[in-house]
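File shown: model.pdb. Contents: PDB, C-alpha atoms.
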ATOM      1  CA  MET A 151      29.125  61.325  39.101
ATOM      2  CA  LYS A 152      31.621  62.835  41.556
ATOM      3  CA  LEU A 153      30.996  62.454  45.283
ATOM      4  CA  VAL A 154      33.538  64.263  47.461
ATOM      5  CA  VAL A 155      33.895  63.511  51.169
ATOM      6  CA  VAL A 156      35.441  66.135  53.479
ATOM      7  CA  SER A 157      36.504  64.898  56.912
ATOM      8  CA  ALA A 158      37.863  67.283  59.556
ATOM      9  CA  GLY A 159      38.892  64.629  62.057
ATOM     10  CA  LEU A 160      42.182  65.411  63.797
ATOM     11  CA  THR A 161      43.241  61.992  65.074
ATOM     12  CA  GLN A 162      44.095  58.760  63.339
ATOM     13  CA  PRO A 163      41.929  56.752  63.452
ATOM     14  CA  SER A 164      39.188  59.348  63.613
ATOM     15  CA  SER A 165      35.517  58.915  64.453
ATOM     16  CA  SER A 166      34.754  61.773  62.035
ATOM     17  CA  ARG A 167      36.501  59.907  59.208
ATOM     18  CA  LEU A 168      34.716  56.713  60.193
ATOM     19  CA  LEU A 169      31.331  58.439  60.038
ATOM     20  CA  ALA A 170      32.264  60.118  56.740
ATOM     21  CA  ASP A 171      33.193  56.741  55.246
ATOM     22  CA  ARG A 172      29.916  55.163  56.399
ATOM     23  CA  LEU A 173      27.905  58.013  54.910
ATOM     24  CA  ALA A 174      29.791  57.855  51.606
ATOM     25  CA  GLU A 175      29.365  54.080  51.404
ATOM     26  CA  ALA A 176      25.624  54.379  52.004
ATOM     27  CA  VAL A 177      25.246  57.076  49.334
ATOM     28  CA  ALA A 178      27.333  55.068  46.855
ATOM     29  CA  ARG A 179      25.230  51.940  47.419
ATOM     30  CA  ARG A 180      22.059  53.920  46.808
ATOM     31  CA  LEU A 181      23.432  55.440  43.597
ATOM     32  CA  GLU A 182      24.649  52.073  42.340
ATOM     33  CA  GLU A 183      21.061  50.809  42.433
ATOM     34  CA  THR A 184      20.352  53.114  39.471
ATOM     35  CA  PRO A 185      21.946  51.903  36.189
ATOM     36  CA  GLY A 186      24.476  54.266  34.691
ATOM     37  CA  THR A 187      25.272  56.228  37.863
ATOM     38  CA  PRO A 188      28.334  54.607  39.492
ATOM     39  CA  PRO A 189      29.818  57.295  41.730
ATOM     40  CA  GLU A 190      33.459  58.352  41.778
ATOM     41  CA  VAL A 191      34.269  58.909  45.456
ATOM     42  CA  ARG A 192      37.148  61.078  46.670
ATOM     43  CA  VAL A 193      37.995  61.644  50.333
ATOM     44  CA  ILE A 194      39.714  64.828  51.503
ATOM     45  CA  GLU A 195      41.314  64.634  54.966
ATOM     46  CA  LEU A 196      41.591  68.200  56.220
ATOM     47  CA  ARG A 197      44.119  67.127  58.861
ATOM     48  CA  GLU A 198      46.618  66.662  56.029
ATOM     49  CA  LEU A 199      45.904  70.181  54.714
ATOM     50  CA  ALA A 200      46.008  72.097  58.018
ATOM     51  CA  VAL A 201      49.355  73.807  57.342
ATOM     52  CA  ASP A 202      48.377  74.537  53.724
ATOM     53  CA  VAL A 203      45.131  76.195  54.843
ATOM     54  CA  ALA A 204      46.960  78.298  57.448
ATOM     55  CA  ASN A 205      49.576  79.383  54.898
ATOM     56  CA  ASN A 206      46.810  80.383  52.491
ATOM     57  CA  PHE A 207      45.391  82.779  55.077
ATOM     58  CA  VAL A 208      48.824  84.343  55.636
ATOM     59  CA  THR A 209      49.988  84.524  52.009
ATOM     60  CA  GLY A 210      46.690  84.627  50.109
ATOM     61  CA  PHE A 211      48.052  81.803  47.944
ATOM     62  CA  ALA A 212      46.842  78.193  47.754
ATOM     63  CA  ASN A 213      49.624  75.718  47.043
ATOM     64  CA  THR A 214      49.158  72.827  44.630
ATOM     65  CA  ARG A 215      47.833  70.350  47.181
ATOM     66  CA  LEU A 216      45.258  72.741  48.638
ATOM     67  CA  ARG A 217      44.254  74.005  45.205
ATOM     68  CA  GLU A 218      43.563  70.429  44.037
ATOM     69  CA  ALA A 219      41.376  69.810  47.108
ATOM     70  CA  LEU A 220      39.439  73.043  46.540
ATOM     71  CA  GLU A 221      38.939  72.182  42.873
ATOM     72  CA  ALA A 222      37.664  68.714  43.802
ATOM     73  CA  VAL A 223      35.071  70.227  46.141
ATOM     74  CA  THR A 224      34.086  72.875  43.584
ATOM     75  CA  GLU A 225      33.632  70.298  40.812
ATOM     76  CA  ALA A 226      31.765  67.765  42.971
ATOM     77  CA  ASP A 227      28.244  66.710  42.064
ATOM     78  CA  GLY A 228      27.590  66.036  45.741
ATOM     79  CA  LEU A 229      29.387  66.564  49.019
ATOM     80  CA  VAL A 230      29.567  64.745  52.359
ATOM     81  CA  ALA A 231      31.047  67.009  55.048
ATOM     82  CA  VAL A 232      31.815  65.782  58.572
ATOM     83  CA  THR A 233      33.376  67.714  61.453
ATOM     84  CA  PRO A 234      34.131  66.991  65.088
ATOM     85  CA  ILE A 235      32.265  69.291  67.465
ATOM     86  CA  PHE A 236      34.348  71.400  69.838
ATOM     87  CA  SER A 237      32.770  73.816  72.353
ATOM     88  CA  GLY A 238      29.364  73.459  70.714
ATOM     89  CA  SER A 239      30.432  74.222  67.133
ATOM     90  CA  TYR A 240      32.397  72.941  64.121
ATOM     91  CA  SER A 241      36.183  72.688  64.327
ATOM     92  CA  GLY A 242      38.362  75.646  63.372
ATOM     93  CA  LEU A 243      40.028  73.597  60.630
ATOM     94  CA  PHE A 244      36.652  72.710  59.102
ATOM     95  CA  LYS A 245      35.548  76.361  59.073
ATOM     96  CA  SER A 246      38.917  77.583  57.769
ATOM     97  CA  PHE A 247      38.834  75.204  54.795
ATOM     98  CA  PHE A 248      35.407  76.411  53.706
ATOM     99  CA  ASP A 249      36.467  80.020  54.343
ATOM    100  CA  VAL A 250      39.209  79.516  51.738
ATOM    101  CA  LEU A 251      36.644  78.225  49.233
ATOM    102  CA  ASP A 252      35.009  80.830  47.005
ATOM    103  CA  ASN A 253      31.606  81.664  48.498
ATOM    104  CA  THR A 254      29.799  80.817  45.237
ATOM    105  CA  ALA A 255      31.630  77.536  44.602
ATOM    106  CA  LEU A 256      28.945  75.345  46.194
ATOM    107  CA  THR A 257      25.920  77.079  44.681
ATOM    108  CA  GLY A 258      23.267  74.413  44.108
ATOM    109  CA  THR A 259      25.512  71.548  45.271
ATOM    110  CA  PRO A 260      23.715  68.861  47.327
ATOM    111  CA  VAL A 261      25.430  68.420  50.700
ATOM    112  CA  LEU A 262      25.034  65.870  53.476
ATOM    113  CA  ILE A 263      26.353  67.162  56.808
ATOM    114  CA  GLY A 264      27.563  65.086  59.725
ATOM    115  CA  ALA A 265      29.375  65.567  63.013
ATOM    116  CA  THR A 266      30.884  63.605  65.875
ATOM    117  CA  GLY A 267      31.333  64.370  69.550
ATOM    118  CA  GLY A 268      31.751  62.841  72.954
ATOM    119  CA  THR A 269      28.186  63.482  74.058
ATOM    120  CA  ALA A 270      24.772  63.745  72.416
ATOM    121  CA  ARG A 271      24.370  67.197  74.021
ATOM    122  CA  HIS A 272      26.348  68.667  71.114
ATOM    123  CA  SER A 273      24.078  67.285  68.381
ATOM    124  CA  LEU A 274      22.281  70.612  67.856
ATOM    125  CA  ALA A 275      25.547  72.127  66.633
ATOM    126  CA  LEU A 276      24.664  70.628  63.264
ATOM    127  CA  GLU A 277      21.558  72.809  63.091
ATOM    128  CA  HIS A 278      22.806  76.052  64.632
ATOM    129  CA  ALA A 279      26.342  76.054  63.160
ATOM    130  CA  VAL A 280      27.025  73.586  60.324
ATOM    131  CA  ARG A 281      23.757  73.886  58.388
ATOM    132  CA  PRO A 282      23.836  77.736  58.377
ATOM    133  CA  LEU A 283      27.415  77.621  57.056
ATOM    134  CA  PHE A 284      26.381  75.660  53.960
ATOM    135  CA  THR A 285      23.199  77.650  53.555
ATOM    136  CA  TYR A 286      25.355  80.773  53.385
ATOM    137  CA  LEU A 287      27.449  79.044  50.691
ATOM    138  CA  ARG A 288      24.180  78.475  48.739
ATOM    139  CA  ALA A 289      24.446  74.699  48.891
ATOM    140  CA  VAL A 290      21.369  72.444  49.056
ATOM    141  CA  VAL A 291      21.635  70.711  52.438
ATOM    142  CA  VAL A 292      19.633  67.500  52.890
ATOM    143  CA  PRO A 293      17.066  67.507  55.738
ATOM    144  CA  THR A 294      18.692  64.725  57.773
ATOM    145  CA  ALA A 295      21.933  65.714  59.488
ATOM    146  CA  VAL A 296      23.836  62.831  61.114
ATOM    147  CA  TYR A 297      25.434  63.220  64.525
ATOM    148  CA  ALA A 298      27.375  60.392  66.167
ATOM    149  CA  ALA A 299      28.212  60.511  69.869
ATOM    150  CA  SER A 300      30.530  58.052  71.582
ATOM    151  CA  GLU A 301      27.615  55.841  72.624
ATOM    152  CA  ASP A 302      26.473  55.497  68.999
ATOM    153  CA  TRP A 303      29.439  53.297  68.177
ATOM    154  CA  GLY A 304      27.737  50.253  69.598
ATOM    155  CA  GLY A 305      29.754  47.118  68.874
ATOM    156  CA  GLY A 306      33.229  48.628  68.748
ATOM    157  CA  HIS A 307      35.016  51.141  66.540
ATOM    158  CA  ASP A 308      33.696  49.696  63.268
ATOM    159  CA  ALA A 309      30.092  49.128  64.339
ATOM    160  CA  PHE A 310      27.274  51.456  65.247
ATOM    161  CA  THR A 311      23.907  51.326  66.948
ATOM    162  CA  ASP A 312      20.690  50.760  65.025
ATOM    163  CA  GLY A 313      19.698  54.384  65.588
ATOM    164  CA  LEU A 314      22.833  55.729  63.944
ATOM    165  CA  GLY A 315      22.524  53.207  61.132
ATOM    166  CA  GLU A 316      18.982  54.360  60.446
ATOM    167  CA  ARG A 317      20.035  58.015  60.351
ATOM    168  CA  ILE A 318      22.875  57.211  57.964
ATOM    169  CA  ALA A 319      20.522  55.312  55.647
ATOM    170  CA  ARG A 320      17.918  58.099  55.664
ATOM    171  CA  ALA A 321      20.464  60.856  54.994
ATOM    172  CA  ALA A 322      22.091  58.808  52.221
ATOM    173  CA  GLU A 323      18.707  58.268  50.586
ATOM    174  CA  GLU A 324      18.075  62.014  50.626
ATOM    175  CA  LEU A 325      21.453  62.929  49.123
ATOM    176  CA  ALA A 326      21.208  60.221  46.467
ATOM    177  CA  GLY A 327      17.729  61.449  45.578
ATOM    178  CA  LEU A 328      19.015  64.967  45.000
ATOM    179  CA  LEU A 329      21.955  63.725  42.952
ATOM    180  CA  LEU A 330      19.782  61.560  40.727
ATOM    181  CA  HIS A 331      17.315  64.385  40.037
ATOM    182  CA  ARG A 332      19.859  67.160  39.737
ATOM    183  CA  ALA A 333      20.562  69.012  36.515
ATOM    184  CA  PRO A 334      24.121  68.725  35.081
ATOM    185  CA  ARG A 335      26.691  70.829  36.937
ATOM    186  CA  ARG A 336      27.227  74.324  35.544
ATOM    187  CA  GLU A 337      29.384  77.271  36.532
ATOM    188  CA  PRO A 338      28.136  78.802  39.810
ATOM    189  CA  GLN A 339      25.353  81.252  39.046
ATOM    190  CA  GLU A 340      21.857  81.976  40.254
ATOM    191  CA  ASP A 341      20.116  79.768  37.699
ATOM    192  CA  ALA A 342      22.275  76.793  38.769
ATOM    193  CA  VAL A 343      20.241  76.417  41.963
ATOM    194  CA  VAL A 344      17.937  73.396  41.986
ATOM    195  CA  PRO A 345      14.316  74.633  42.068
ATOM    196  CA  PHE A 346      12.571  74.047  45.404
ATOM    197  CA  GLU A 347       9.877  71.888  43.781
ATOM    198  CA  GLU A 348      12.547  69.528  42.382
ATOM    199  CA  GLN A 349      14.303  69.326  45.750
ATOM    200  CA  LEU A 350      11.018  68.463  47.473
ATOM    201  CA  ALA A 351      10.115  65.813  44.878
ATOM    202  CA  ALA A 352      13.562  64.189  45.209
ATOM    203  CA  LEU A 353      13.261  63.936  48.984
ATOM    204  CA  ARG A 354       9.771  62.428  49.090
ATOM    205  CA  PRO A 355       9.876  58.665  49.778
ATOM    206  CA  PRO A 356       8.659  56.470  46.882
ATOM    207  CA  ARG A 357       5.024  55.449  47.092
TER     208      ARG A 357
END
Would you write the structure of this file as structure tokens?
Amino acid sequence: MKLVVVSAGLTQPSSSRLLADRLAEAVARRLEETPGTPPEVRVIELRELAVDVANNFVTGFANTRLREALEAVTEADGLVAVTPIFSGSYSGLFKSFFDVLDNTALTGTPVLIGATGGTARHSLALEHAVRPLFTYLRAVVVPTAVYAASEDWGGGHDAFTDGLGERIARAAEELAGLLLHRAPRREPQEDAVVPFEEQLAALRPPR
């Protein structure tokens, strides 16, 4: 099972990368609880591809490095996508990368979305900007989106508050549920979309 993590953080270290890593770790732990489903996790740092993405827009050609990243996202069984929030929306680099991707490449792919910002006031950007982007790309976005403001990193750069930890755990449970109940990946087409009833059943907590 291939889990691809896309982080659009611009600094190093980056709070967006830190959140992306925590989300991926939580999803991987959940998947490892089911025999036979050890995930293969790949992280794509968009900061390293910024020039490649810009050149693609100018030339219409993806070089080897960008093409490999796009193929990894296209072939993923599940996706974790995290962006910093600037001026109430996703970063330009984040949007540009997914603009380069074919608009049918994520059809039916389960996606967990996350974002970081300096203040909790920007948390709704996940719902009015990031979620619609992946809905347009025909992905299956899990109900819980995870936003981390500066105050959510409670005990230092590597720790977070209980509230953020709970959101990470809930979102990871939802993505893992979709991955475990998802049909094998096929070429993007209408019948590759996971039926709504299956999505709903995967997201219901066990009784």
List every residue of range 221-309 of chain A that has an atom at most 10 Å from any atom of range 171-186 of chain A, and for each one report the closest atom pair and its distance in Å to one decimal, counting all atoms listed in the file, with rows sorted by chain and then by increasing residue number, as a tab-separated table.
residue	atom	partner	partner_atom	distance
A:Gly228	CA	A:Val177	CA	9.9
A:Leu229	CA	A:Ala174	CA	9.1
A:Val230	CA	A:Ala174	CA	6.9
A:Ala231	CA	A:Leu173	CA	9.5
A:Val232	CA	A:Leu173	CA	9.4
A:Leu262	CA	A:Leu173	CA	8.5
A:Ile263	CA	A:Leu173	CA	9.5
A:Gly264	CA	A:Leu173	CA	8.6
A:Val296	CA	A:Leu173	CA	8.8
A:Asp308	CA	A:Arg172	CA	9.6
A:Ala309	CA	A:Arg172	CA	10.0
Output file for the residues above (C-alpha atoms, as a PDB file, keeping the file's coordinate frame):
ATOM      1  CA  GLY A 228      27.590  66.036  45.741  1.00  0.00           C
ATOM      2  CA  LEU A 229      29.387  66.564  49.019  1.00  0.00           C
ATOM      3  CA  VAL A 230      29.567  64.745  52.359  1.00  0.00           C
ATOM      4  CA  ALA A 231      31.047  67.009  55.048  1.00  0.00           C
ATOM      5  CA  VAL A 232      31.815  65.782  58.572  1.00  0.00           C
ATOM      6  CA  LEU A 262      25.034  65.870  53.476  1.00  0.00           C
ATOM      7  CA  ILE A 263      26.353  67.162  56.808  1.00  0.00           C
ATOM      8  CA  GLY A 264      27.563  65.086  59.725  1.00  0.00           C
ATOM      9  CA  VAL A 296      23.836  62.831  61.114  1.00  0.00           C
ATOM     10  CA  ASP A 308      33.696  49.696  63.268  1.00  0.00           C
ATOM     11  CA  ALA A 309      30.092  49.128  64.339  1.00  0.00           C
TER      12      ALA A 309
END
Query raised in the report: Taking all atoms listed in the file into account, which of A:Leu329, A:Val290, A:Ala158, A:Val261 comes nearest Phe236 in chain A?
Result: A:Ala158
**Report entry** CA of Ala222 in chain A to CA of Pro188 in chain A, distance in Å rounded to a single decimal
**Finding:** 17.5 Å
Report summary line: Between CA of Phe248 in chain A and CA of Ala299 in chain A lies a distance of 23.8 Å
Query raised in the report: the PyMOL selection byres ((chain A and resi 284-287) around 9) on the file shown: which residues, as number ranges by chain?
Result: A: 248, 252-257, 261, 263, 280-283, 288-291
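Using only C-alpha atoms, the shortest contact distance between Thr209 in chain A and any of A:Leu330, A:Arg192, A:Val250, A:Val292 is found at A:Val250.
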Report summary line: A straight line from CA of Ser239 in chain A to CA of Ala275 in chain A spans 5.3 Å
Report task. Can you work out which one of A:Leu196, A:Met151, A:Ala321, A:Ala226 has the shortest atom-to-atom distance to Gly258 in chain A, counting all atoms listed in the file? Result -> A:Ala226
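If you measure from each of A:Thr161, A:Ser246, A:Thr269, A:Thr259 to Asp302 in chain A using only C-alpha atoms, the closest one turns out to be A:Thr269.
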Please, what is the axis-aligned box for every listed atom of range 208-227 of chain A with 4 Å on each side, as centre and edge lengths in Å to one decimal, as JSON?
{"center_x": 39.1, "center_y": 75.7, "center_z": 48.2, "size_x": 29.7, "size_y": 25.9, "size_z": 22.8}
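Remark: for Val154 in chain A, the closest of the candidate residues A:Glu316, A:Asp227, A:Glu324, A:Glu218 is A:Asp227 (distances computed over all atoms listed in the file).
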Requested in this report: Could you expand the PyMOL selection byres ((chain A and resi 203) around 12) into the explicit residues it covers here, written as a VMD selection string?
Outcome: chain A and resid 196 to 202 204 to 217 219 to 220 242 to 251
Which residues would end up in the selection if the PyMOL selection byres ((chain A and resi 297) around 10) were applied here, given that I need the answer as a tab-separated table (two decimals) with C-alpha atoms, keeping the file's coordinate frame?
chain	number	residue	atom	x	y	z
A	166	SER	CA	34.75	61.77	62.04
A	169	LEU	CA	31.33	58.44	60.04
A	232	VAL	CA	31.82	65.78	58.57
A	233	THR	CA	33.38	67.71	61.45
A	234	PRO	CA	34.13	66.99	65.09
A	235	ILE	CA	32.26	69.29	67.46
A	263	ILE	CA	26.35	67.16	56.81
A	264	GLY	CA	27.56	65.09	59.72
A	265	ALA	CA	29.38	65.57	63.01
A	266	THR	CA	30.88	63.60	65.88
A	267	GLY	CA	31.33	64.37	69.55
A	269	THR	CA	28.19	63.48	74.06
A	270	ALA	CA	24.77	63.74	72.42
A	272	HIS	CA	26.35	68.67	71.11
A	273	SER	CA	24.08	67.28	68.38
A	274	LEU	CA	22.28	70.61	67.86
A	275	ALA	CA	25.55	72.13	66.63
A	276	LEU	CA	24.66	70.63	63.26
A	294	THR	CA	18.69	64.72	57.77
A	295	ALA	CA	21.93	65.71	59.49
A	296	VAL	CA	23.84	62.83	61.11
A	298	ALA	CA	27.38	60.39	66.17
A	299	ALA	CA	28.21	60.51	69.87
A	302	ASP	CA	26.47	55.50	69.00
A	314	LEU	CA	22.83	55.73	63.94
A	317	ARG	CA	20.04	58.02	60.35
A	318	ILE	CA	22.88	57.21	57.96
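Considering all atoms listed in the file, the residue among A:Gly327, A:Gly313, A:Pro260, A:Gly159 positioned nearest to Glu225 in chain A is A:Pro260.
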